[in-house]
$ cat entry.csv   # CSV, C-alpha atoms
chain,number,residue,atom,x,y,z
A,1,MET,CA,-43.2,12.9,-17.6
A,2,ASN,CA,-44.2,11.9,-14.1
A,3,THR,CA,-41.5,12.4,-11.5
A,4,GLU,CA,-42.9,9.5,-9.5
A,5,ASP,CA,-41.9,7.1,-12.2
A,6,GLN,CA,-38.2,8.1,-12.2
A,7,PRO,CA,-35.9,6.2,-9.9
A,8,GLU,CA,-34.2,8.3,-7.3
A,9,SER,CA,-30.5,8.7,-7.7
A,10,PRO,CA,-28.6,7.6,-4.7
A,11,ALA,CA,-27.5,10.2,-2.2
A,12,PRO,CA,-23.8,11.1,-2.5
A,13,LEU,CA,-21.6,9.2,-0.2
A,14,ASN,CA,-19.8,10.9,2.7
A,15,LEU,CA,-16.0,10.7,2.7
A,16,TRP,CA,-15.8,7.7,4.9
A,17,GLN,CA,-18.4,5.8,2.8
A,18,GLY,CA,-16.5,6.8,-0.3
A,19,ILE,CA,-13.2,5.5,1.1
A,20,ASN,CA,-14.9,2.3,2.2
A,21,ALA,CA,-16.4,1.8,-1.3
A,22,ILE,CA,-12.9,2.1,-2.8
A,23,ARG,CA,-11.6,-0.4,-0.2
A,24,ARG,CA,-14.3,-2.8,-1.3
A,25,ALA,CA,-13.4,-2.4,-5.0
A,26,VAL,CA,-9.6,-2.5,-4.6
A,27,HIS,CA,-8.0,-5.0,-2.3
A,28,TYR,CA,-4.8,-6.3,-3.9
A,29,VAL,CA,-1.9,-5.0,-6.0
A,30,LYS,CA,0.8,-7.3,-7.3
A,31,LYS,CA,4.4,-6.3,-6.8
A,32,ASP,CA,5.5,-5.4,-10.3
A,33,LYS,CA,9.2,-4.2,-10.4
A,34,ARG,CA,12.4,-5.9,-9.4
A,35,VAL,CA,14.7,-3.5,-7.5
A,36,GLY,CA,18.4,-3.9,-8.0
A,37,GLU,CA,20.2,-6.8,-9.6
A,38,GLY,CA,18.4,-9.9,-8.3
A,39,GLY,CA,16.8,-7.8,-5.6
A,40,TYR,CA,13.4,-7.8,-4.1
A,41,LEU,CA,10.1,-7.1,-5.9
A,42,ALA,CA,8.3,-3.9,-5.1
A,43,VAL,CA,4.9,-2.2,-5.9
A,44,THR,CA,5.4,0.8,-8.0
A,45,HIS,CA,3.5,4.1,-7.8
A,46,ASP,CA,2.2,3.6,-11.3
A,47,ALA,CA,0.7,0.1,-10.4
A,48,VAL,CA,-1.1,1.6,-7.3
A,49,THR,CA,-2.4,4.6,-9.4
A,50,ALA,CA,-3.6,2.3,-12.2
A,51,LEU,CA,-5.4,0.1,-9.7
A,52,THR,CA,-7.1,2.9,-7.7
A,53,ARG,CA,-7.6,5.9,-10.0
A,54,GLU,CA,-11.0,5.0,-11.4
A,55,SER,CA,-12.4,4.0,-8.0
A,56,PHE,CA,-11.3,7.4,-6.5
A,57,ILE,CA,-12.9,9.2,-9.4
A,58,LYS,CA,-16.1,7.1,-9.2
A,59,GLU,CA,-16.5,7.6,-5.5
A,60,GLY,CA,-15.6,11.3,-5.6
A,61,VAL,CA,-12.6,11.1,-3.3
A,62,LEU,CA,-9.6,13.4,-4.1
A,63,ILE,CA,-6.1,13.1,-2.7
A,64,VAL,CA,-4.0,16.3,-2.7
A,65,PRO,CA,-0.4,16.3,-1.4
A,66,SER,CA,1.4,19.3,-0.1
A,67,LEU,CA,5.1,19.6,0.9
A,68,GLN,CA,5.5,20.4,4.6
A,69,SER,CA,9.3,20.3,4.8
A,70,SER,CA,12.3,19.0,2.9
A,71,GLY,CA,16.0,18.9,3.0
A,72,VAL,CA,19.0,17.4,1.2
A,73,VAL,CA,21.8,15.3,2.7
A,74,LEU,CA,25.0,14.2,1.0
A,75,THR,CA,25.4,10.5,1.1
A,76,GLY,CA,29.1,10.4,0.7
A,77,THR,CA,28.9,8.2,-2.4
A,78,THR,CA,29.2,9.2,-6.0
A,79,THR,CA,28.6,7.7,-9.5
A,80,ALA,CA,31.5,6.3,-11.5
A,81,LYS,CA,31.9,9.8,-13.0
A,82,GLY,CA,32.1,11.4,-9.6
A,83,ILE,CA,28.6,12.9,-9.4
A,84,PRO,CA,27.5,12.9,-5.8
A,85,PHE,CA,24.4,11.0,-4.7
A,86,ILE,CA,22.0,13.0,-2.5
A,87,ARG,CA,19.3,11.9,-0.1
A,88,TYR,CA,16.3,14.1,-0.4
A,89,GLU,CA,14.1,13.9,2.8
A,90,ALA,CA,10.6,15.3,2.9
A,91,ARG,CA,7.4,15.4,4.9
A,92,PHE,CA,4.2,15.5,2.8
A,93,ARG,CA,0.7,16.2,4.0
A,94,PHE,CA,-2.1,14.4,2.2
A,95,ARG,CA,-5.6,15.8,2.3
A,96,ILE,CA,-8.3,13.4,1.4
A,97,SER,CA,-11.4,15.3,0.4
A,98,ASN,CA,-15.0,14.5,-0.7
A,99,ILE,CA,-15.5,16.3,-4.0
A,100,ASP,CA,-19.3,16.6,-3.3
A,101,ASP,CA,-18.6,18.3,0.1
A,102,PRO,CA,-15.1,19.9,0.1
A,103,ALA,CA,-15.6,20.8,3.8
A,104,GLU,CA,-15.4,17.1,4.5
A,105,TRP,CA,-11.7,16.0,4.6
A,106,ILE,CA,-9.0,14.2,6.6
A,107,GLU,CA,-5.3,14.8,6.6
A,108,PHE,CA,-2.2,12.9,7.6
A,109,ASP,CA,1.5,13.3,7.1
A,110,ILE,CA,4.0,10.8,5.6
A,111,GLU,CA,7.8,11.2,5.6
A,112,SER,CA,9.7,10.0,2.6
A,113,HIS,CA,13.1,10.1,1.1
A,114,ALA,CA,14.8,9.3,-2.2
A,115,ILE,CA,18.4,8.9,-3.2
A,116,ASP,CA,19.5,10.3,-6.6
A,117,GLN,CA,22.4,11.9,-8.3
A,118,GLY,CA,20.2,14.4,-10.3
A,119,ASP,CA,17.0,16.4,-10.1
A,120,LYS,CA,14.6,13.4,-9.8
A,121,ALA,CA,14.8,12.9,-6.0
A,122,PRO,CA,11.9,15.2,-5.1
A,123,GLY,CA,9.6,13.5,-7.5
A,124,LYS,CA,10.7,10.1,-6.4
A,125,ALA,CA,10.0,11.0,-2.8
A,126,LEU,CA,6.6,12.3,-3.6
A,127,SER,CA,5.7,9.2,-5.6
A,128,TYR,CA,6.9,7.0,-2.8
A,129,ALA,CA,4.9,8.9,-0.2
A,130,LYS,CA,1.7,9.0,-2.3
A,131,LYS,CA,2.0,5.3,-3.0
A,132,TYR,CA,2.1,4.5,0.7
A,133,ALA,CA,-0.6,7.0,1.5
A,134,VAL,CA,-3.0,5.2,-0.8
A,135,LEU,CA,-1.8,1.7,0.2
A,136,LYS,CA,-2.3,2.4,3.9
A,137,LEU,CA,-5.5,4.5,3.6
A,138,LEU,CA,-7.1,1.6,1.7
A,139,ASP,CA,-5.4,-1.3,3.5
A,140,ILE,CA,-4.3,-2.7,0.1
A,141,GLU,CA,-2.5,-6.0,0.3
A,142,SER,CA,0.5,-6.5,-2.0
A,143,GLY,CA,2.4,-9.7,-2.8
A,144,GLU,CA,4.8,-11.2,-5.3
A,145,GLU,CA,2.5,-13.9,-6.6
A,146,GLU,CA,-1.2,-14.0,-6.9
A,147,GLU,CA,-1.1,-17.6,-5.7
A,148,ASP,CA,0.7,-16.6,-2.5
A,149,ARG,CA,-2.1,-14.4,-1.3
A,150,GLU,CA,-2.9,-15.4,2.3
A,151,ILE,CA,-6.7,-15.2,1.7
A,152,GLN,CA,-6.4,-17.9,-1.0
A,153,ARG,CA,-4.6,-20.4,1.2
A,154,PRO,CA,-6.3,-22.3,4.0
A,155,SER,CA,-4.3,-22.1,7.1
A,156,ILE,CA,-3.1,-25.4,8.7
A,157,THR,CA,-2.6,-25.1,12.4
A,158,PRO,CA,-2.3,-27.6,15.2
A,159,SER,CA,-5.7,-26.4,16.4
A,160,ALA,CA,-7.1,-27.6,13.0
A,161,GLY,CA,-6.4,-31.2,14.1
A,162,ALA,CA,-3.0,-31.8,12.4
A,163,LYS,CA,-1.1,-32.3,15.6
A,164,GLU,CA,-3.6,-34.8,17.0
A,165,ARG,CA,-3.2,-37.0,13.9
A,166,VAL,CA,0.6,-37.5,14.4
A,167,SER,CA,1.8,-40.5,16.5
A,168,PRO,CA,3.5,-39.6,19.8
A,169,GLU,CA,6.8,-41.0,18.6
A,170,ARG,CA,6.7,-39.0,15.3
A,171,LEU,CA,5.6,-35.9,17.2
A,172,GLU,CA,8.7,-36.1,19.5
A,173,VAL,CA,11.0,-36.3,16.4
A,174,CYS,CA,9.3,-33.3,14.9
A,175,GLU,CA,9.5,-31.3,18.1
A,176,ASN,CA,13.3,-32.2,18.4
A,177,VAL,CA,13.9,-31.0,14.8
A,178,ALA,CA,11.9,-27.8,15.4
A,179,SER,CA,13.9,-27.1,18.5
A,180,LYS,CA,17.2,-27.6,16.6
A,181,VAL,CA,16.0,-25.3,13.8
A,182,LEU,CA,15.1,-22.6,16.4
A,183,ASP,CA,18.5,-23.0,18.1
A,184,LEU,CA,20.3,-22.4,14.8
$ encode --input "entry.csv" --output "structure tokens"
Amino acid sequence: MNTEDQPESPAPLNLWQGINAIRRAVHYVKKDKRVGEGGYLAVTHDAVTALTRESFIKEGVLIVPSLQSSGVVLTGTTTAKGIPFIRYEARFRFRISNIDDPAEWIEFDIESHAIDQGDKAPGKALSYAKKYAVLKLLDIESGEEEEDREIQRPSITPSAGAKERVSPERLEVCENVASKVLDL
């Protein structure tokens, strides 16, 4: 077979190109878990991992956490059965490496904590730190509703001509109401 007829395989990406390729592929994760009774929505570690794992593998980018320091603080609260809640505090270092060139890497630290009454606090803190390491490394947007994403809504601002279309009398009323709202 003639080697001139074979298409050249693309050169492996450097680390920054790999991270950027993942950023292009993954740009939004939906908040998927309600925290507390009637509480806020949050993005889980599993949702971030499910969204990004294949892209990290495809682009040859590896994330390896290591514990730098940790400690336990009693919170002063207990369960109904009297078991104390602890606050586990940790600093993790994340090394982001190019698997094609392990000498090419970056590192950054993230502090994290978790409150638990058992042995799960260290794992919770690591999951929280890794979730945020990936979210921040890739600038991933998160939201409660797909429809609420800012990039899908056109912005309406006075500079877009809305203010100029309001009569002076109505504009004065609106400005008075806005002033009262701000005062409250």
$ residues_around --input "entry.csv" --residues "A:Ile99" --least-positions-apart "4" --cutoff "12 Å" --atoms "only C-alpha atoms" --output "number ranges by chain"
A: 12-15, 18, 56-64, 95, 103-105
$ residues_near_point --input "entry.csv" --point "(16.3, 7.3, -0.6)" --cutoff "12 Å" --atoms "only C-alpha atoms" --output "PyMOL selection string"
chain A and resi 72-75+85-90+111-117+120-129
$ atom_distance --input "entry.csv" --atom1 "atom CA of A:His27" --atom2 "atom CA of A:Val48"
10.8 Å
$ atom_distance --input "entry.csv" --atom1 "atom CA of A:Arg24" --atom2 "atom CA of A:Phe108"
21.7 Å
$ atom_distance --input "entry.csv" --atom1 "atom CA of A:Ile140" --atom2 "atom CA of A:Phe92"
20.3 Å
